[in-house]
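Below is my_file-v5.cif, which holds mmCIF, C-alpha atoms.
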data_run
loop_
_atom_site.label_atom_id
_atom_site.label_comp_id
_atom_site.auth_asym_id
_atom_site.auth_seq_id
_atom_site.Cartn_x
_atom_site.Cartn_y
_atom_site.Cartn_z
CA MET M 1 -0.04 40.07 32.28
CA ASP M 2 0.70 40.43 35.99
CA GLU M 3 -2.47 42.42 36.63
CA PHE M 4 -4.58 39.88 34.74
CA LEU M 5 -3.09 36.97 36.68
CA LYS M 6 -3.81 38.77 39.94
CA THR M 7 -7.42 38.87 38.75
CA ILE M 8 -7.25 35.14 38.07
CA CYS M 9 -6.14 34.58 41.68
CA GLY M 10 -9.30 36.30 42.86
CA VAL M 11 -11.58 34.58 40.37
CA PHE M 12 -10.32 31.14 41.45
CA ALA M 13 -9.97 32.12 45.15
CA LEU M 14 -6.32 31.09 45.29
CA GLU M 15 -4.74 31.78 48.67
CA GLY M 16 -1.49 33.71 48.82
CA VAL M 17 0.24 36.79 47.51
CA TYR M 18 0.96 36.95 43.79
CA LEU M 19 4.72 36.96 43.09
CA GLY M 20 5.03 36.59 39.31
CA ASN M 21 4.76 34.30 36.34
CA GLU M 22 6.79 32.52 33.70
CA VAL M 23 5.67 31.70 30.17
CA ILE M 24 5.79 27.98 29.41
CA LYS M 25 6.73 27.73 25.75
CA CYS M 26 6.01 24.08 25.02
CA GLY M 27 2.84 23.49 23.04
CA ASN M 28 1.65 25.21 19.88
CA ILE M 29 -2.03 25.80 20.60
CA ASN M 30 -2.78 27.20 24.06
CA ASP M 31 -1.02 30.00 25.98
CA THR M 32 0.43 28.61 29.21
CA TYR M 33 1.93 30.27 32.30
CA ARG M 34 3.34 29.12 35.61
CA MET M 35 2.03 31.46 38.28
CA ASP M 36 3.78 31.74 41.66
CA LEU M 37 2.14 32.75 44.94
CA ARG M 38 3.60 33.17 48.43
CA THR M 39 1.54 31.44 51.10
CA ASP M 40 1.97 30.92 54.84
CA SER M 41 3.44 27.49 54.12
CA GLY M 42 5.80 28.66 51.37
CA LEU M 43 5.83 29.05 47.60
CA LYS M 44 2.80 27.68 45.74
CA SER M 45 2.69 27.45 41.94
CA TYR M 46 -0.18 26.90 39.50
CA ILE M 47 -0.56 26.40 35.77
CA VAL M 48 -2.75 29.04 34.14
CA GLN M 49 -3.81 28.42 30.57
CA ARG M 50 -5.79 30.18 27.86
CA ILE M 51 -7.64 27.68 25.70
CA ASN M 52 -7.36 28.53 22.02
CA HIS M 53 -11.03 28.49 21.06
CA ASN M 54 -10.17 28.99 17.40
CA VAL M 55 -8.88 25.40 17.47
CA PHE M 56 -11.16 24.03 20.17
CA ARG M 57 -14.52 25.56 19.26
CA HIS M 58 -16.25 24.25 22.38
CA PRO M 59 -13.92 24.78 25.37
CA GLU M 60 -16.63 23.65 27.78
CA ARG M 61 -16.56 20.20 26.15
CA ILE M 62 -12.81 19.98 26.64
CA ILE M 63 -13.24 20.87 30.29
CA SER M 64 -15.96 18.24 30.65
CA ASN M 65 -13.70 15.56 29.16
CA VAL M 66 -10.64 16.55 31.18
CA CYS M 67 -12.56 16.68 34.45
CA ALA M 68 -14.16 13.29 33.78
CA VAL M 69 -10.92 11.43 33.06
CA THR M 70 -8.79 13.14 35.73
CA GLU M 71 -11.39 12.49 38.43
CA HIS M 72 -11.54 8.85 37.33
CA ILE M 73 -7.75 8.53 37.52
CA ALA M 74 -7.65 10.29 40.90
CA LYS M 75 -10.12 7.78 42.31
CA LYS M 76 -7.97 4.91 41.06
CA LEU M 77 -4.91 6.43 42.76
CA GLU M 78 -6.87 6.93 45.97
CA GLN M 79 -8.01 3.32 45.93
CA ALA M 80 -4.36 2.29 45.54
CA HIS M 81 -3.47 4.53 48.54
CA ASP M 82 -0.99 6.44 46.39
CA ARG M 83 0.51 9.26 48.47
CA ASP M 84 1.67 11.25 45.44
CA ILE M 85 -1.68 11.93 43.76
CA GLY M 86 -0.88 15.64 43.43
CA ARG M 87 1.92 14.82 40.99
CA LYS M 88 0.33 11.90 39.18
CA VAL M 89 -2.85 13.43 37.80
CA LEU M 90 -3.95 16.86 36.67
CA LYS M 91 -6.40 18.79 38.84
CA LEU M 92 -8.62 21.62 37.61
CA TYR M 93 -9.54 24.35 40.07
CA VAL M 94 -12.96 26.00 40.20
CA THR M 95 -13.93 29.65 40.28
CA THR M 96 -15.83 31.27 43.11
CA GLU M 97 -18.93 30.46 41.05
CA GLY M 98 -18.04 26.77 40.97
CA LYS M 99 -16.98 26.68 37.32
CA HIS M 100 -13.79 25.27 35.82
CA LEU M 101 -13.62 27.97 33.13
CA TYR M 102 -13.32 31.72 33.43
CA ILE M 103 -14.36 33.78 30.42
CA SER M 104 -12.42 37.04 30.45
CA PRO M 105 -13.99 40.37 29.34
CA ASP M 106 -12.34 39.97 25.91
CA GLY M 107 -13.92 36.55 25.39
CA ASP M 108 -10.95 34.29 26.14
CA TYR M 109 -11.33 31.04 28.07
CA TRP M 110 -9.00 30.49 31.04
CA ARG M 111 -8.42 27.60 33.42
CA VAL M 112 -6.16 26.90 36.40
CA MET M 113 -4.46 23.55 37.03
CA ASN M 114 -2.01 22.11 39.53
CA PHE M 115 1.71 22.58 38.94
CA ILE M 116 3.65 19.31 39.09
CA TYR M 117 6.70 19.94 41.26
CA ASN M 118 10.20 18.57 40.66
CA ALA M 119 9.19 17.29 37.25
CA GLU M 120 10.38 17.64 33.66
CA SER M 121 9.39 16.68 30.15
CA HIS M 122 11.48 15.68 27.12
CA ASP M 123 10.96 16.21 23.39
CA ARG M 124 12.78 13.06 22.28
CA GLY M 125 14.98 10.43 23.87
CA GLY M 126 16.64 7.05 23.74
CA VAL M 127 15.61 3.54 24.64
CA ARG M 128 14.99 4.09 28.35
CA LEU M 129 12.94 7.25 27.85
CA LEU M 130 10.82 5.56 25.18
CA HIS M 131 10.23 2.58 27.43
CA LYS M 132 9.14 4.85 30.28
CA THR M 133 6.99 6.93 27.94
CA GLY M 134 5.30 3.72 26.83
CA GLU M 135 4.70 2.83 30.47
CA ALA M 136 3.15 6.25 31.10
CA PHE M 137 0.66 6.04 28.25
CA GLY M 138 -0.01 2.37 28.97
CA THR M 139 -0.77 3.25 32.59
CA PHE M 140 -3.00 6.11 31.43
CA GLN M 141 -5.05 3.77 29.23
CA SER M 142 -5.08 1.10 31.93
CA GLN M 143 -6.50 3.56 34.47
CA LEU M 144 -9.23 4.50 32.00
CA SER M 145 -9.90 1.02 30.64
CA ASP M 146 -13.18 0.83 32.57
CA PHE M 147 -14.27 4.38 31.71
CA PRO M 148 -17.19 4.48 29.23
CA ALA M 149 -15.66 6.27 26.23
CA GLU M 150 -19.09 7.16 24.86
CA LYS M 151 -19.50 9.65 27.72
CA LEU M 152 -16.75 11.84 26.27
CA TYR M 153 -17.21 14.55 23.67
CA GLU M 154 -15.43 14.27 20.34
CA THR M 155 -13.51 17.53 20.76
CA ILE M 156 -12.05 17.44 17.23
CA PRO M 157 -14.64 15.79 14.97
CA ASP M 158 -13.30 13.07 12.65
CA PHE M 159 -9.76 13.64 13.94
CA HIS M 160 -8.66 10.10 13.13
CA ASP M 161 -11.19 9.24 10.46
CA THR M 162 -8.58 8.09 7.96
CA GLU M 163 -11.13 7.58 5.19
CA LYS M 164 -12.30 11.18 5.45
CA ARG M 165 -8.71 12.40 5.47
CA PHE M 166 -8.17 10.59 2.16
CA ASP M 167 -11.45 11.97 0.80
CA ALA M 168 -10.21 15.46 1.62
CA LEU M 169 -6.92 14.72 -0.14
CA GLU M 170 -8.71 13.65 -3.32
CA GLN M 171 -10.94 16.74 -3.23
CA SER M 172 -7.93 19.02 -2.82
CA ALA M 173 -6.14 17.29 -5.68
CA ARG M 174 -9.15 17.73 -7.98
CA ALA M 175 -9.49 21.39 -7.06
CA ASP M 176 -5.74 22.10 -7.31
CA ALA M 177 -6.53 25.53 -5.86
CA VAL M 178 -2.97 26.88 -5.86
CA LYS M 179 -1.66 24.90 -8.85
CA ARG M 180 0.67 22.57 -6.97
CA LEU M 181 -0.62 19.21 -8.18
CA ASP M 182 2.16 18.75 -10.73
CA ASP M 183 4.72 18.96 -7.89
CA CYS M 184 3.31 15.97 -6.04
CA ARG M 185 1.69 13.55 -8.46
CA GLY M 186 3.97 10.73 -7.36
CA GLU M 187 3.19 11.25 -3.68
CA LEU M 188 -0.53 11.48 -4.42
CA ALA M 189 -0.45 8.27 -6.46
CA TYR M 190 1.28 6.37 -3.66
CA LEU M 191 -1.18 7.50 -1.01
CA LEU M 192 -4.19 6.71 -3.14
CA SER M 193 -2.71 3.27 -3.83
CA MET M 194 -2.97 2.66 -0.06
CA ARG M 195 -6.55 3.86 0.17
CA ASP M 196 -8.03 0.37 0.49
CA ARG M 197 -6.39 0.09 3.91
CA THR M 198 -8.06 3.18 5.38
CA PRO M 199 -11.34 1.59 6.61
CA PHE M 200 -9.46 -1.11 8.56
CA PHE M 201 -10.35 0.11 12.06
CA LYS M 202 -13.91 1.12 11.24
CA GLN M 203 -14.55 -2.33 9.83
CA ALA M 204 -12.93 -4.09 12.81
CA TYR M 205 -15.07 -2.00 15.16
CA ALA M 206 -18.22 -2.71 13.15
CA ARG M 207 -17.48 -6.44 13.38
CA GLY M 208 -17.17 -6.13 17.16
CA GLU M 209 -13.50 -7.15 17.18
CA ILE M 210 -12.21 -3.99 18.85
CA PRO M 211 -13.95 -1.53 21.20
CA MET M 212 -13.91 2.25 21.33
CA ARG M 213 -11.74 3.41 24.22
CA VAL M 214 -10.56 6.61 25.85
CA THR M 215 -7.53 7.76 23.86
CA HIS M 216 -5.09 10.63 24.35
CA ASN M 217 -4.44 11.39 20.65
CA ASP M 218 -1.13 13.20 21.17
CA THR M 219 1.13 10.52 22.62
CA LYS M 220 4.51 12.26 22.44
CA CYS M 221 7.27 12.18 25.05
CA ASN M 222 6.73 15.84 25.91
CA ASN M 223 3.22 15.07 27.12
CA VAL M 224 4.59 13.00 29.99
CA MET M 225 5.98 14.55 33.16
CA PHE M 226 8.93 12.68 34.67
CA ASP M 227 10.35 12.94 38.18
CA LYS M 228 13.62 14.88 37.93
CA ASP M 229 15.35 12.63 40.44
CA THR M 230 14.09 9.12 39.71
CA LYS M 231 13.33 9.72 35.99
CA GLU M 232 10.14 7.72 36.48
CA PRO M 233 6.93 8.86 34.76
CA LEU M 234 4.49 10.80 36.90
CA ALA M 235 1.54 12.12 34.91
CA VAL M 236 0.25 12.31 31.37
CA ILE M 237 -0.60 15.92 30.51
CA ASP M 238 -2.11 17.96 27.65
CA LEU M 239 -5.48 16.22 27.80
CA ASP M 240 -7.40 18.52 25.47
CA THR M 241 -7.42 15.91 22.71
CA VAL M 242 -8.70 13.11 24.97
CA MET M 243 -11.77 11.59 23.34
CA PRO M 244 -13.14 8.26 22.12
CA GLY M 245 -10.84 6.36 19.79
CA PHE M 246 -8.86 3.18 19.14
CA THR M 247 -5.87 2.17 21.24
CA ALA M 248 -3.84 1.35 18.14
CA TYR M 249 -3.88 4.99 17.02
CA ASP M 250 -2.37 6.17 20.32
CA TYR M 251 0.28 3.48 20.00
CA GLY M 252 0.90 4.26 16.34
CA ASP M 253 1.25 8.00 16.78
CA ALA M 254 3.76 7.56 19.58
CA VAL M 255 5.94 5.14 17.62
CA ARG M 256 5.58 7.07 14.37
CA PHE M 257 7.06 10.16 15.99
CA ALA M 258 9.58 8.69 18.41
CA ALA M 259 11.01 5.82 16.35
CA ASN M 260 11.55 7.76 13.11
CA THR M 261 15.31 7.96 12.55
CA ALA M 262 14.88 11.47 11.15
CA ALA M 263 12.99 14.61 12.12
CA GLU M 264 9.42 14.88 10.83
CA ASP M 265 10.47 17.51 8.28
CA GLU M 266 13.81 16.03 7.18
CA PRO M 267 13.95 16.63 3.40
CA ASP M 268 16.45 13.81 2.74
CA VAL M 269 14.16 10.80 2.84
CA SER M 270 17.14 8.44 2.68
CA LYS M 271 17.57 9.29 6.38
CA VAL M 272 14.01 8.23 7.19
CA SER M 273 13.37 4.77 8.60
CA LEU M 274 11.69 3.02 11.52
CA ASP M 275 14.11 2.28 14.36
CA LEU M 276 12.95 -1.13 15.57
CA ARG M 277 15.02 -0.80 18.74
CA LEU M 278 13.07 2.31 19.77
CA CYS M 279 9.84 0.74 18.59
CA ARG M 280 10.46 -2.27 20.83
CA ALA M 281 11.27 -0.01 23.79
CA PHE M 282 7.96 1.85 23.57
CA THR M 283 6.02 -1.35 22.83
CA ASP M 284 7.43 -3.18 25.85
CA GLY M 285 6.52 -0.29 28.15
CA PHE M 286 3.08 0.36 26.67
CA VAL M 287 1.80 -3.18 26.20
CA GLY M 288 3.32 -4.26 29.50
CA LYS M 289 1.01 -1.84 31.33
CA ILE M 290 -2.15 -2.27 29.27
CA ARG M 291 -1.94 -5.95 28.23
CA ASP M 292 -4.41 -7.24 30.84
CA HIS M 293 -7.05 -4.72 29.75
CA LEU M 294 -6.88 -5.26 25.97
CA ARG M 295 -8.42 -7.93 23.83
CA ARG M 296 -5.93 -10.00 21.88
CA GLU M 297 -7.45 -8.62 18.66
CA GLU M 298 -6.61 -5.08 19.83
CA VAL M 299 -3.01 -5.98 20.57
CA ASN M 300 -2.70 -7.56 17.15
CA THR M 301 -3.85 -4.33 15.46
CA LEU M 302 -1.09 -2.14 16.98
CA PRO M 303 1.21 -2.41 13.92
CA ASP M 304 -1.76 -1.53 11.68
CA GLY M 305 -2.30 1.56 13.81
CA LEU M 306 1.30 2.59 13.23
CA LEU M 307 0.98 2.26 9.46
CA LEU M 308 -2.41 3.94 9.18
CA ILE M 309 -1.57 6.89 11.43
CA THR M 310 1.55 7.49 9.33
CA LEU M 311 -0.42 7.35 6.08
CA GLU M 312 -3.08 9.61 7.58
CA LEU M 313 -0.55 12.26 8.56
CA ALA M 314 1.08 12.07 5.14
CA ALA M 315 -2.34 12.66 3.60
CA ARG M 316 -2.97 15.62 5.90
CA PHE M 317 0.38 17.22 5.03
CA LEU M 318 -0.18 16.72 1.31
CA THR M 319 -3.74 18.05 1.53
CA ASP M 320 -2.49 21.19 3.26
CA TYR M 321 0.21 21.63 0.63
CA LEU M 322 -2.38 21.37 -2.17
CA ASP M 323 -4.67 23.81 -0.33
CA GLY M 324 -1.98 26.47 0.06
CA ASP M 325 -0.75 25.74 3.61
CA ARG M 326 -3.83 26.80 5.53
CA TYR M 327 -3.48 24.52 8.58
CA PHE M 328 0.09 23.59 9.52
CA LYS M 329 2.69 26.24 10.27
CA ILE M 330 5.39 26.33 7.59
CA ARG M 331 8.90 27.78 7.24
CA THR M 332 9.25 27.32 3.47
CA ASN M 333 6.79 27.05 0.60
CA ASP M 334 7.45 23.32 0.25
CA HIS M 335 7.47 22.54 3.98
CA ASN M 336 4.25 20.51 3.89
CA LEU M 337 5.40 18.64 0.79
CA ILE M 338 8.65 17.76 2.57
CA ARG M 339 6.66 16.53 5.56
CA ALA M 340 4.40 14.43 3.33
CA ARG M 341 7.37 12.83 1.58
CA ASN M 342 8.95 12.13 4.96
CA GLN M 343 5.88 10.31 6.24
CA ILE M 344 5.47 8.41 2.98
CA ALA M 345 9.06 7.19 3.27
CA LEU M 346 8.35 6.12 6.85
CA ALA M 347 5.16 4.33 5.82
CA GLN M 348 7.07 2.45 3.13
CA ASP M 349 9.67 1.34 5.67
CA ILE M 350 6.92 0.30 8.09
CA CYS M 351 5.47 -1.91 5.34
CA ARG M 352 8.89 -3.48 4.79
CA LYS M 353 9.24 -4.18 8.52
CA MET M 354 5.68 -5.28 9.22
CA ASP M 355 6.71 -8.88 9.99
CA ASP M 356 9.28 -7.58 12.51
CA LEU M 357 6.64 -5.34 14.09
CA ARG M 358 4.19 -8.20 14.45
CA GLU M 359 6.90 -10.29 16.08
CA ILE M 360 7.66 -7.50 18.58
CA ILE M 361 3.96 -7.29 19.42
CA ALA M 362 3.59 -11.08 19.64
CA GLN M 363 6.35 -11.22 22.24
CA GLN M 364 4.29 -8.93 24.48
CA ALA M 365 0.83 -10.33 23.76
#
Once more with this new file: its structure as structure tokens, please.
Amino acid sequence: MDEFLKTICGVFALEGVYLGNEVIKCGNINDTYRMDLRTDSGLKSYIVQRINHNVFRHPERIISNVCAVTEHIAKKLEQAHDRDIGRKVLKLYVTTEGKHLYISPDGDYWRVMNFIYNAESHDRGGVRLLHKTGEAFGTFQSQLSDFPAEKLYETIPDFHDTEKRFDALEQSARADAVKRLDDCRGELAYLLSMRDRTPFFKQAYARGEIPMRVTHNDTKCNNVMFDKDTKEPLAVIDLDTVMPGFTAYDYGDAVRFAANTAAEDEPDVSKVSLDLRLCRAFTDGFVGKIRDHLRREEVNTLPDGLLLITLELAARFLTDYLDGDRYFKIRTNDHNLIRARNQIALAQDICRKMDDLREIIAQQA
């Protein structure tokens, strides 16, 4: 790997002497390295990443999206005279040919980005971390609130088309390709009983009540870099899934993951519930930063986003289980079924607490 990274230094005209690299293990899709160079002014580090083009079939579209949104954010920071731009937004470097992507001889796609110094990320956390994570994603959406979402590519087609996810579930159930339907008839029946809710956001958009916005689509704590000393959020990272979408889905995915009282694959569903304290923490941070840029109708749909994103993921897990585990990585034969049951239990608790959720939102609206 050292020899290849030395080649990368030349391709991207990076100044300095190559010292070494370290594999960054977070993330399940791309291969990521921190590369260190010695320069006249001291140590300089970069992030070097191979884009998994089996998942992202058009890497050039990802690069187009990432460049567009990061340049927009950088301009906002410049206008605010922020002196810490280098740590508050990702920057993509260009090759000697002026391109943001290098295609290696074996057909892999590589890019180089800035390394954010004195920063850390967290997988999960308590009230304060959730509040600050909400602030980070709220700030991200606020900075992009005037960016025309239609200019972005849809890097994963139909990613949050909940109706199509339920269509796929029904098709998989009818096919019963690996003869697992009898194991999950109850789960299937529950999800299909919620099917009438799936067009909610499409219909609201068609009526002109909510707009399409720039969304991150992977709003987890570990996609925010925090200053190690102040613990304040710096930059939102992992922008490959940035594309047009609805704000409520970004909100819902964050709360679904962070405010679940159990791990996503906890088999004992009695341990699964929505922690309203953590939900409030994220909501206060998120809505507090984005409130002035959202329509009231959008704010009101945030709890619906939480429910629908949870149902959607349950449907995806159950579909993969019925198909023979072709998409999600599994550790046991029933791993996807466990995940589906977990998300169904969470969705049921969200329904029970919907009045509480709407009150939490109303207090911030």
(Q) Excluding His160 of chain M and its own-chain neighbours fewer than 5 positions away, which residues fall within 12 Å of it when counting all atoms listed in the file? Please give them as number ranges by chain. (A) M: 154-155, 165-166, 198-199, 201-202, 215-218, 241, 243-250, 252-253, 305, 308-313, 315-316
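If only C-alpha atoms are the atoms counted, then among M:Glu78, M:Asp240, M:Asp196, M:Glu71 the closest residue to Thr162 of chain M is M:Asp196.
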Q.
I'd like to see the residues matched by the PyMOL selection byres ((chain M and resi 8-22) around 10) on this file, and ideally I'd get them as a ChimeraX atom specification.
A. /M:1-7,23-25,32-48,93-102,104,110-112
Selection file, C-alpha atoms, as a PDB file, in the frame of the given file:
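So out35.pdb came out as:
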ATOM      1  CA  MET M   1      -0.040  40.070  32.280  1.00  0.00           C
ATOM      2  CA  ASP M   2       0.700  40.430  35.990  1.00  0.00           C
ATOM      3  CA  GLU M   3      -2.470  42.420  36.630  1.00  0.00           C
ATOM      4  CA  PHE M   4      -4.580  39.880  34.740  1.00  0.00           C
ATOM      5  CA  LEU M   5      -3.090  36.970  36.680  1.00  0.00           C
ATOM      6  CA  LYS M   6      -3.810  38.770  39.940  1.00  0.00           C
ATOM      7  CA  THR M   7      -7.420  38.870  38.750  1.00  0.00           C
ATOM      8  CA  VAL M  23       5.670  31.700  30.170  1.00  0.00           C
ATOM      9  CA  ILE M  24       5.790  27.980  29.410  1.00  0.00           C
ATOM     10  CA  LYS M  25       6.730  27.730  25.750  1.00  0.00           C
ATOM     11  CA  THR M  32       0.430  28.610  29.210  1.00  0.00           C
ATOM     12  CA  TYR M  33       1.930  30.270  32.300  1.00  0.00           C
ATOM     13  CA  ARG M  34       3.340  29.120  35.610  1.00  0.00           C
ATOM     14  CA  MET M  35       2.030  31.460  38.280  1.00  0.00           C
ATOM     15  CA  ASP M  36       3.780  31.740  41.660  1.00  0.00           C
ATOM     16  CA  LEU M  37       2.140  32.750  44.940  1.00  0.00           C
ATOM     17  CA  ARG M  38       3.600  33.170  48.430  1.00  0.00           C
ATOM     18  CA  THR M  39       1.540  31.440  51.100  1.00  0.00           C
ATOM     19  CA  ASP M  40       1.970  30.920  54.840  1.00  0.00           C
ATOM     20  CA  SER M  41       3.440  27.490  54.120  1.00  0.00           C
ATOM     21  CA  GLY M  42       5.800  28.660  51.370  1.00  0.00           C
ATOM     22  CA  LEU M  43       5.830  29.050  47.600  1.00  0.00           C
ATOM     23  CA  LYS M  44       2.800  27.680  45.740  1.00  0.00           C
ATOM     24  CA  SER M  45       2.690  27.450  41.940  1.00  0.00           C
ATOM     25  CA  TYR M  46      -0.180  26.900  39.500  1.00  0.00           C
ATOM     26  CA  ILE M  47      -0.560  26.400  35.770  1.00  0.00           C
ATOM     27  CA  VAL M  48      -2.750  29.040  34.140  1.00  0.00           C
ATOM     28  CA  TYR M  93      -9.540  24.350  40.070  1.00  0.00           C
ATOM     29  CA  VAL M  94     -12.960  26.000  40.200  1.00  0.00           C
ATOM     30  CA  THR M  95     -13.930  29.650  40.280  1.00  0.00           C
ATOM     31  CA  THR M  96     -15.830  31.270  43.110  1.00  0.00           C
ATOM     32  CA  GLU M  97     -18.930  30.460  41.050  1.00  0.00           C
ATOM     33  CA  GLY M  98     -18.040  26.770  40.970  1.00  0.00           C
ATOM     34  CA  LYS M  99     -16.980  26.680  37.320  1.00  0.00           C
ATOM     35  CA  HIS M 100     -13.790  25.270  35.820  1.00  0.00           C
ATOM     36  CA  LEU M 101     -13.620  27.970  33.130  1.00  0.00           C
ATOM     37  CA  TYR M 102     -13.320  31.720  33.430  1.00  0.00           C
ATOM     38  CA  SER M 104     -12.420  37.040  30.450  1.00  0.00           C
ATOM     39  CA  TRP M 110      -9.000  30.490  31.040  1.00  0.00           C
ATOM     40  CA  ARG M 111      -8.420  27.600  33.420  1.00  0.00           C
ATOM     41  CA  VAL M 112      -6.160  26.900  36.400  1.00  0.00           C
TER      42      VAL M 112
END
Q: Excluding Val236 of chain M and any residue of its chain fewer than 4 positions from it, enumerate the residues within 10 Å of it, using only C-alpha atoms, and give them as a VMD selection string.
A: chain M and resid 88 to 90 133 136 to 137 139 to 140 216 219 to 226
Q) If you count only C-alpha atoms, which residues fall within 7 Å of segment 288-301 of chain M, apart from same-chain ones fewer than 4 positions away, as a PyMOL selection string? A) chain M and resi 135+138-139+141-142+145+209-210+248+284+305+364-365
Q) What does the PyMOL selection byres ((chain M and resi 333-338) around 8) select in this file, as an MDAnalysis selection string? A) chainID M and resid 184 265:267 317:318 320:321 325 328 330:332 339:342
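Residues in contact range of Thr261 of chain M, defined as at most 7 Å between only C-alpha atoms, with sequence neighbours fewer than 6 positions away removed, read Lys271, Val272, Ser273, Leu274 and Asp275 of chain M.
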Q: Mind giving me the straight-line distance from atom CA of Leu302 of chain M to atom CA of Asp158 of chain M in Å, one decimal?
A: 20.0 Å
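In this model, the gap between atom CA of Tyr117 of chain M and atom CA of Arg83 of chain M comes to 14.3 Å.
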Q. Atom CA of Met194 of chain M to atom CA of Ser172 of chain M: how many Å, to one decimal?
A. 17.3 Å
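When all atoms listed in the file are used to compute distances to Ala314 of chain M, the closest of the residues M:Lys75, M:Arg256, M:Arg174, M:Arg326 turns out to be M:Arg256.
Of the residues listed (M:Gln79, M:Leu129, M:Asp229, M:Arg195), M:Arg195 shows the shortest atom-to-atom separation from Lys164 of chain M; distances use all atoms listed in the file.
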Q.
Using the chain letters and numbers from this file, what does the PyMOL selection byres ((chain M and resi 131) around 12) select? Give the answer as an MDAnalysis selection string.
A. chainID M and resid 124:130 132:138 221 231:233 254:255 258:259 277:289
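For the set M:Leu322, M:Leu92, M:Ala168, M:Leu306, the residue with the smallest atom-to-atom gap to Cys351 of chain M is M:Leu306, counting all atoms listed in the file.
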Q) Of the candidates M:Ile51, M:Val269, M:Ile73, M:Cys67, which shows the shortest atom-to-atom distance to Gly86 of chain M, using only C-alpha atoms? A) M:Ile73
Q: Would you mind telling me which residue in M:Tyr327, M:Arg87, M:Asn260, M:Ala204 lies nearest to Asp349 of chain M when using all atoms listed in the file?
A: M:Asn260
